[in-house]
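Dumped work_17.cif below, it's mmCIF, C-alpha atoms:
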data_target
loop_
_atom_site.label_atom_id
_atom_site.label_comp_id
_atom_site.auth_asym_id
_atom_site.auth_seq_id
_atom_site.Cartn_x
_atom_site.Cartn_y
_atom_site.Cartn_z
CA ASN J 23 -218.15 63.53 -38.83
CA ILE J 24 -219.73 66.53 -37.11
CA CYS J 25 -216.44 67.49 -35.45
CA LEU J 26 -214.43 67.04 -38.64
CA ASN J 27 -216.91 69.18 -40.58
CA GLU J 28 -216.64 71.88 -37.93
CA ILE J 29 -212.86 71.90 -38.34
CA LYS J 30 -213.30 72.36 -42.09
CA ARG J 31 -215.88 75.13 -41.63
CA SER J 32 -213.85 77.01 -39.02
CA SER J 33 -210.81 77.16 -41.30
CA HIS J 34 -212.68 79.79 -43.34
CA GLU J 35 -214.03 81.74 -40.36
CA PRO J 36 -212.43 84.81 -38.73
CA ARG J 37 -209.34 83.88 -36.72
CA PRO J 38 -208.15 82.64 -34.27
CA ASN J 39 -209.72 79.37 -35.33
CA LEU J 40 -207.63 76.55 -33.88
CA LEU J 41 -206.73 75.90 -30.24
CA ILE J 42 -205.22 72.49 -29.51
CA LEU J 43 -205.30 71.17 -25.94
CA VAL J 44 -203.17 68.09 -25.31
CA GLY J 45 -203.04 66.21 -22.03
CA GLN J 46 -201.83 62.67 -21.33
CA ARG J 47 -204.59 60.68 -22.98
CA TYR J 48 -204.43 59.81 -26.64
CA GLY J 49 -208.18 59.51 -27.08
CA TRP J 50 -210.82 57.31 -28.65
CA ILE J 51 -210.10 55.70 -32.03
CA PRO J 52 -213.48 55.70 -33.83
CA LEU J 53 -214.74 53.34 -36.46
CA PRO J 54 -215.23 55.16 -39.77
CA TYR J 55 -218.86 56.11 -40.28
CA GLU J 56 -218.41 55.65 -44.04
CA ILE J 57 -216.17 53.27 -45.99
CA LYS J 58 -215.75 53.44 -49.75
CA LYS J 59 -216.75 50.31 -51.62
CA ASP J 60 -213.19 49.66 -52.86
CA GLU J 61 -211.86 49.88 -49.29
CA PHE J 62 -214.61 47.62 -48.03
CA LYS J 63 -213.69 44.97 -50.60
CA ILE J 64 -210.07 45.11 -49.44
CA ILE J 65 -211.21 44.46 -45.87
CA ILE J 66 -213.60 41.62 -46.68
CA ASN J 67 -211.10 39.93 -49.04
CA SER J 68 -208.15 40.28 -46.69
CA ASN J 69 -206.41 37.16 -45.39
CA LYS J 70 -205.28 39.07 -42.29
CA ILE J 71 -208.60 38.66 -40.47
CA LEU J 72 -210.82 35.70 -39.62
CA ASP J 73 -214.11 34.89 -41.32
CA GLU J 74 -215.98 35.52 -38.06
CA ASP J 75 -214.52 39.05 -37.99
CA LYS J 76 -215.60 39.61 -41.59
CA ASN J 77 -219.10 38.43 -40.69
CA LEU J 78 -219.23 40.91 -37.84
CA ILE J 79 -218.13 43.74 -40.15
CA ASN J 80 -220.76 42.74 -42.71
CA CYS J 81 -223.32 42.75 -39.93
CA TRP J 82 -222.55 46.33 -38.90
CA TYR J 83 -221.77 47.97 -42.23
CA GLU J 84 -224.43 48.24 -44.90
CA GLU J 85 -224.12 49.43 -48.49
CA ASP J 86 -225.87 52.69 -49.25
CA GLU J 87 -227.55 51.86 -52.53
CA ASN J 88 -228.80 55.42 -52.93
CA SER J 89 -225.33 56.94 -52.79
CA ILE J 90 -223.56 57.85 -56.02
CA GLU J 91 -220.21 57.47 -54.21
CA ASN J 92 -220.64 53.72 -53.52
CA ILE J 93 -220.14 53.66 -49.78
CA TYR J 94 -220.87 51.41 -46.84
CA TYR J 95 -222.10 53.12 -43.69
CA LEU J 96 -222.05 52.10 -40.03
CA LYS J 97 -225.47 51.05 -38.80
CA ASN J 98 -227.28 52.64 -35.86
CA LYS J 99 -226.06 51.19 -32.56
CA HIS J 100 -228.25 53.04 -30.06
CA HIS J 101 -230.26 49.96 -29.15
CA LEU J 102 -227.14 48.53 -27.47
CA THR J 103 -225.71 49.37 -24.06
CA ARG J 104 -222.36 51.16 -23.98
CA GLU J 105 -220.68 47.98 -22.73
CA GLU J 106 -222.18 45.87 -25.52
CA TRP J 107 -221.13 48.31 -28.22
CA ASN J 108 -217.63 48.79 -26.77
CA GLU J 109 -216.97 45.07 -27.16
CA ILE J 110 -218.20 44.99 -30.75
CA GLU J 111 -216.41 48.23 -31.64
CA GLU J 112 -213.09 46.94 -30.30
CA GLN J 113 -213.33 43.70 -32.30
CA ILE J 114 -214.09 45.57 -35.54
CA ARG J 115 -211.38 48.18 -34.84
CA VAL J 116 -208.73 45.49 -34.32
CA SER J 117 -209.77 43.86 -37.61
CA PHE J 118 -209.50 47.13 -39.51
CA GLN J 119 -206.08 47.82 -38.02
CA LYS J 120 -204.82 44.41 -39.05
CA VAL J 121 -205.80 45.16 -42.65
CA PHE J 122 -204.53 48.75 -42.75
CA ASP J 123 -201.33 48.34 -40.76
CA ASN J 124 -198.87 50.13 -43.05
CA PRO J 125 -197.97 53.65 -41.82
CA LYS J 126 -196.56 54.45 -45.27
CA ASP J 127 -200.12 54.40 -46.61
CA GLU J 128 -200.79 57.59 -44.68
CA ASP J 129 -204.44 58.22 -45.53
CA MET J 130 -205.63 54.69 -44.81
CA TYR J 131 -203.46 54.34 -41.72
CA ARG J 132 -204.75 57.63 -40.32
CA LYS J 133 -208.37 56.70 -41.00
CA TYR J 134 -208.25 53.36 -39.18
CA ASN J 135 -205.48 53.77 -36.60
CA THR J 136 -205.59 57.30 -35.18
CA SER J 137 -207.80 58.89 -32.56
CA ALA J 138 -210.61 61.30 -33.36
CA THR J 139 -208.50 64.01 -31.74
CA GLU J 140 -205.48 63.34 -33.96
CA GLN J 141 -207.69 63.25 -37.08
CA GLU J 142 -209.12 66.64 -36.13
CA MET J 143 -205.61 68.01 -35.57
CA TYR J 144 -204.51 66.74 -38.97
CA LEU J 145 -207.42 68.50 -40.70
CA GLY J 146 -206.91 71.73 -38.79
CA LEU J 147 -203.13 71.84 -39.08
CA ASP J 148 -202.04 70.08 -42.23
CA LYS J 149 -204.98 69.91 -44.61
CA PHE J 150 -206.74 73.24 -44.16
CA GLN J 151 -204.09 75.31 -42.39
CA LYS J 152 -202.22 75.74 -45.66
CA GLU J 153 -204.92 78.16 -46.70
CA VAL J 154 -204.65 80.51 -43.69
CA ASP J 155 -202.18 82.48 -41.58
CA ASN J 156 -200.75 79.98 -39.09
CA SER J 157 -200.07 82.70 -36.50
CA HIS J 158 -203.68 82.11 -35.44
CA THR J 159 -202.96 78.52 -34.39
CA PHE J 160 -202.21 77.68 -30.74
CA ALA J 161 -201.27 74.54 -28.81
CA TYR J 162 -201.18 73.90 -25.07
CA PHE J 163 -199.60 70.81 -23.54
CA ARG J 164 -200.23 69.67 -19.95
CA LYS J 165 -198.20 67.07 -18.04
CA ILE J 166 -199.36 65.91 -14.61
CA ILE J 167 -196.75 64.80 -12.05
CA ASN J 168 -196.61 63.36 -8.50
CA TYR J 169 -199.72 61.20 -8.71
CA ASN J 170 -197.88 58.24 -7.11
CA ASN J 171 -200.18 55.20 -6.82
CA GLU J 172 -203.49 57.04 -7.19
CA ASP J 173 -206.04 56.18 -9.88
CA VAL J 174 -205.39 58.62 -12.73
CA THR J 175 -206.96 56.61 -15.58
CA ASP J 176 -209.27 59.53 -16.42
CA TYR J 177 -206.21 61.71 -17.05
CA ILE J 178 -203.25 59.53 -18.04
CA ASP J 179 -203.04 56.53 -20.39
CA LYS J 180 -201.26 53.42 -19.15
CA ASP J 181 -199.56 53.11 -22.53
CA LEU J 182 -198.25 56.52 -23.62
CA THR J 183 -196.59 55.34 -26.86
CA LYS J 184 -199.06 56.90 -29.29
CA LEU J 185 -199.42 60.02 -27.20
CA LYS J 186 -195.65 60.63 -27.12
CA LYS J 187 -195.55 60.34 -30.92
CA LEU J 188 -198.41 62.83 -31.18
CA TRP J 189 -196.67 65.29 -28.83
CA LYS J 190 -193.49 65.08 -30.89
CA LYS J 191 -195.41 65.49 -34.16
CA LEU J 192 -197.22 68.57 -32.87
CA ARG J 193 -194.10 70.16 -31.39
CA ARG J 194 -192.38 69.85 -34.77
CA ASN J 195 -195.35 70.96 -36.86
CA SER J 196 -194.45 74.10 -38.77
CA ASN J 197 -198.11 75.19 -38.72
CA ILE J 198 -197.91 75.84 -34.98
CA PRO J 199 -195.44 78.70 -34.43
CA LYS J 200 -193.08 78.00 -31.52
CA GLU J 201 -194.21 81.17 -29.78
CA ASN J 202 -197.78 79.80 -29.82
CA GLN J 203 -196.81 76.55 -28.09
CA ASN J 204 -197.17 76.52 -24.31
CA ILE J 205 -196.15 73.58 -22.15
CA GLN J 206 -197.24 73.15 -18.54
CA LYS J 207 -194.83 70.38 -17.59
CA ASN J 208 -195.20 70.19 -13.85
CA VAL J 209 -198.88 70.31 -12.98
CA GLN J 210 -199.23 68.70 -9.57
CA TRP J 211 -201.83 65.96 -9.14
CA ASN J 212 -203.05 67.75 -6.01
CA GLU J 213 -203.89 70.77 -8.18
CA ILE J 214 -205.98 68.57 -10.47
CA LYS J 215 -207.89 67.19 -7.49
CA GLN J 216 -208.36 70.71 -6.16
CA SER J 217 -209.86 71.90 -9.46
CA ASN J 218 -212.22 68.89 -9.46
CA SER J 219 -213.57 69.87 -6.06
CA VAL J 220 -214.87 73.20 -7.40
CA SER J 221 -218.32 72.99 -8.98
CA TYR J 222 -219.00 74.68 -12.31
CA ASN J 223 -221.26 77.29 -10.71
CA GLU J 224 -218.55 78.20 -8.18
CA LEU J 225 -215.76 78.39 -10.75
CA ASN J 226 -213.84 81.67 -10.70
CA LEU J 227 -210.21 82.73 -10.96
CA GLU J 228 -209.87 83.22 -7.21
CA LYS J 229 -210.67 79.58 -6.45
CA VAL J 230 -208.89 77.72 -9.25
CA PRO J 231 -205.38 76.30 -8.73
CA PHE J 232 -202.36 78.15 -10.09
CA TYR J 233 -201.97 76.13 -13.31
CA LEU J 234 -205.51 77.02 -14.44
CA LYS J 235 -205.01 80.68 -13.60
CA GLU J 236 -201.77 80.62 -15.60
CA PHE J 237 -203.54 78.87 -18.49
CA HIS J 238 -206.32 81.47 -18.43
CA ASP J 239 -203.87 84.37 -18.49
CA GLN J 240 -201.89 82.92 -21.40
CA ILE J 241 -205.04 82.25 -23.44
CA LEU J 242 -206.43 85.72 -22.74
CA GLU J 243 -203.19 87.48 -23.69
CA LYS J 244 -202.52 85.57 -26.91
CA PHE J 245 -206.12 85.54 -28.10
CA THR J 246 -206.54 89.25 -27.40
CA ILE J 247 -203.53 89.96 -29.63
CA SER J 248 -204.74 87.55 -32.31
CA ILE J 249 -208.30 88.91 -32.36
CA GLN J 250 -207.07 92.49 -32.53
CA LYS J 251 -204.82 91.55 -35.43
CA GLU J 252 -207.79 90.05 -37.25
CA ILE J 253 -209.89 93.16 -36.62
CA ASN J 254 -207.11 95.39 -37.96
CA ASN J 255 -206.76 93.25 -41.08
CA SER J 256 -210.48 93.34 -41.78
CA GLN J 257 -210.58 97.10 -41.37
CA GLU J 258 -207.74 97.54 -43.87
CA GLN J 259 -209.50 95.50 -46.56
#
Using structure tokens, write down the structure from this file.
Amino acid sequence: NICLNEIKRSSHEPRPNLLILVGQRYGWIPLPYEIKKDEFKIIINSNKILDEDKNLINCWYEEDENSIENIYYLKNKHHLTREEWNEIEEQIRVSFQKVFDNPKDEDMYRKYNTSATEQEMYLGLDKFQKEVDNSHTFAYFRKIINYNNEDVTDYIDKDLTKLKKLWKKLRRNSNIPKENQNIQKNVQWNEIKQSNSVSYNELNLEKVPFYLKEFHDQILEKFTISIQKEINNSQEQ
């Protein structure tokens, strides 16, 4: 919720206000922190999930009796280890996705089936971007190659189905001007390993691999133009 609220807030701040960075991982699909009472009833009354799954959902979602909006909220999970919560979270997520499995119901499908990253992109691009000049929106895509049989699970999903759909959706989104879309298609795995070997304190443009230097230069050039444009606009008003 914090990230989504920041997206909403930044849409009314001086531009540029949206930089999208897309690699080869789709990202974490969170459980909703809040569920409206009507939605919750649909879940609990659904014949698509087992009673034991419904019991687990009831165990982890509690009705907020003080709320005028009639919502159920996700309980605090910090007493569990990461491994314990991951198992519970996955079981609940699968149940939700069985209930809300129709892509035509866009709002519900997005809420229960898309990653936190994609939800943030939707808010920044499609919901709030209508109110601002989209020339201040930028997207950078990175594709790593030549990793052979090395372990790249921190960088590349085994199943790229959802990620490919997201790439295509972003590339076609009219709220990201084509001139503001940059694709680094052939980033060598050796360059990634090289950048990982440099500590944060030692990081400088002389030591980073070429793809990061190129990324830096593109960001600096485009943002300098965008910021100057915003300054000029504010001075004219």
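With all atoms listed in the file as the atoms that count, the minimum distance from Tyr83 of chain J to the choices J:His101, J:Glu111, J:Met130, J:Phe232 is reached by J:Glu111.
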Would you work out the distance separating atom CA of Leu41 of chain J from atom CA of Thr175 of chain J, expressed in Å to one decimal? 24.2 Å
Name the closest residue to Glu61 of chain J among the candidates J:Asp129, J:Glu140, J:Glu243, J:Glu258; distances are taken between atoms, counting all atoms listed in the file. J:Asp129
Please identify all polymer residues within 10 Å of Ile93 of chain J, counting only C-alpha atoms, omitting same-chain residues fewer than 2 positions from it, and present them as a PyMOL selection string. chain J and resi 55-62+83-91+95
Please enumerate the residues selected by the PyMOL selection byres ((chain J and resi 132) around 12) when evaluated against the supplied file, formatted as a PyMOL selection string. chain J and resi 51-54+118-119+122-131+133-145
Hey, could you make a per-residue contact list for segment 40-100 of chain J against segment 197-220 of chain J with 12 Å as the cut-off, showing the nearest pair of atoms and its distance in Å to one decimal, counting all atoms listed in the file, sorted by chain and number, as JSON lines?
{"residue": "J:Leu40", "atom": "CA", "partner": "J:Ile198", "partner_atom": "CA", "distance": 9.8}
{"residue": "J:Leu41", "atom": "CA", "partner": "J:Asn202", "partner_atom": "CA", "distance": 9.8}
{"residue": "J:Ile42", "atom": "CA", "partner": "J:Gln203", "partner_atom": "CA", "distance": 9.4}
{"residue": "J:Leu43", "atom": "CA", "partner": "J:Asn204", "partner_atom": "CA", "distance": 9.9}
{"residue": "J:Val44", "atom": "CA", "partner": "J:Ile205", "partner_atom": "CA", "distance": 9.5}
{"residue": "J:Gly45", "atom": "CA", "partner": "J:Gln206", "partner_atom": "CA", "distance": 9.7}
{"residue": "J:Gln46", "atom": "CA", "partner": "J:Lys207", "partner_atom": "CA", "distance": 11.1}
If you keep C-alpha atoms, can you produce a file of those selected residues as an mmCIF file, in the coordinates of the input?
data_model
loop_
_atom_site.group_PDB
_atom_site.id
_atom_site.type_symbol
_atom_site.label_atom_id
_atom_site.label_comp_id
_atom_site.auth_asym_id
_atom_site.auth_seq_id
_atom_site.Cartn_x
_atom_site.Cartn_y
_atom_site.Cartn_z
ATOM 1 C CA LEU J 40 -207.630 76.550 -33.880
ATOM 2 C CA LEU J 41 -206.730 75.900 -30.240
ATOM 3 C CA ILE J 42 -205.220 72.490 -29.510
ATOM 4 C CA LEU J 43 -205.300 71.170 -25.940
ATOM 5 C CA VAL J 44 -203.170 68.090 -25.310
ATOM 6 C CA GLY J 45 -203.040 66.210 -22.030
ATOM 7 C CA GLN J 46 -201.830 62.670 -21.330
#
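Taking atom CA of His34 of chain J as the reference point, atom CA of Arg193 of chain J is found at 24.1 Å.
Using only C-alpha atoms, the smallest distance between any of J:Leu78, J:Asn254, J:His238, J:Ile24 and Glu109 of chain J comes from J:Leu78.
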Compile the contact shell of Ser248 of chain J as JSON, numbers by chain: residues with an atom at most 9 Å away, counting only C-alpha atoms, same-chain residues fewer than 5 positions apart removed. {"J": [37, 38, 157, 158, 243, 253]}
Figure out the distance between atom CA of Thr103 of chain J and atom CA of Cys81 of chain J, please, to one decimal in Å. 17.4 Å
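The shortest atom-to-atom distance to Glu28 of chain J, with all atoms listed in the file taken into account, belongs to J:Gly146 out of J:Lys244, J:Gly146, J:Thr159, J:Glu112.
With all atoms listed in the file as the atoms that count, the minimum distance from Trp189 of chain J to the choices J:Ile166, J:Ile241, J:Ala161, J:Leu227 is reached by J:Ala161.
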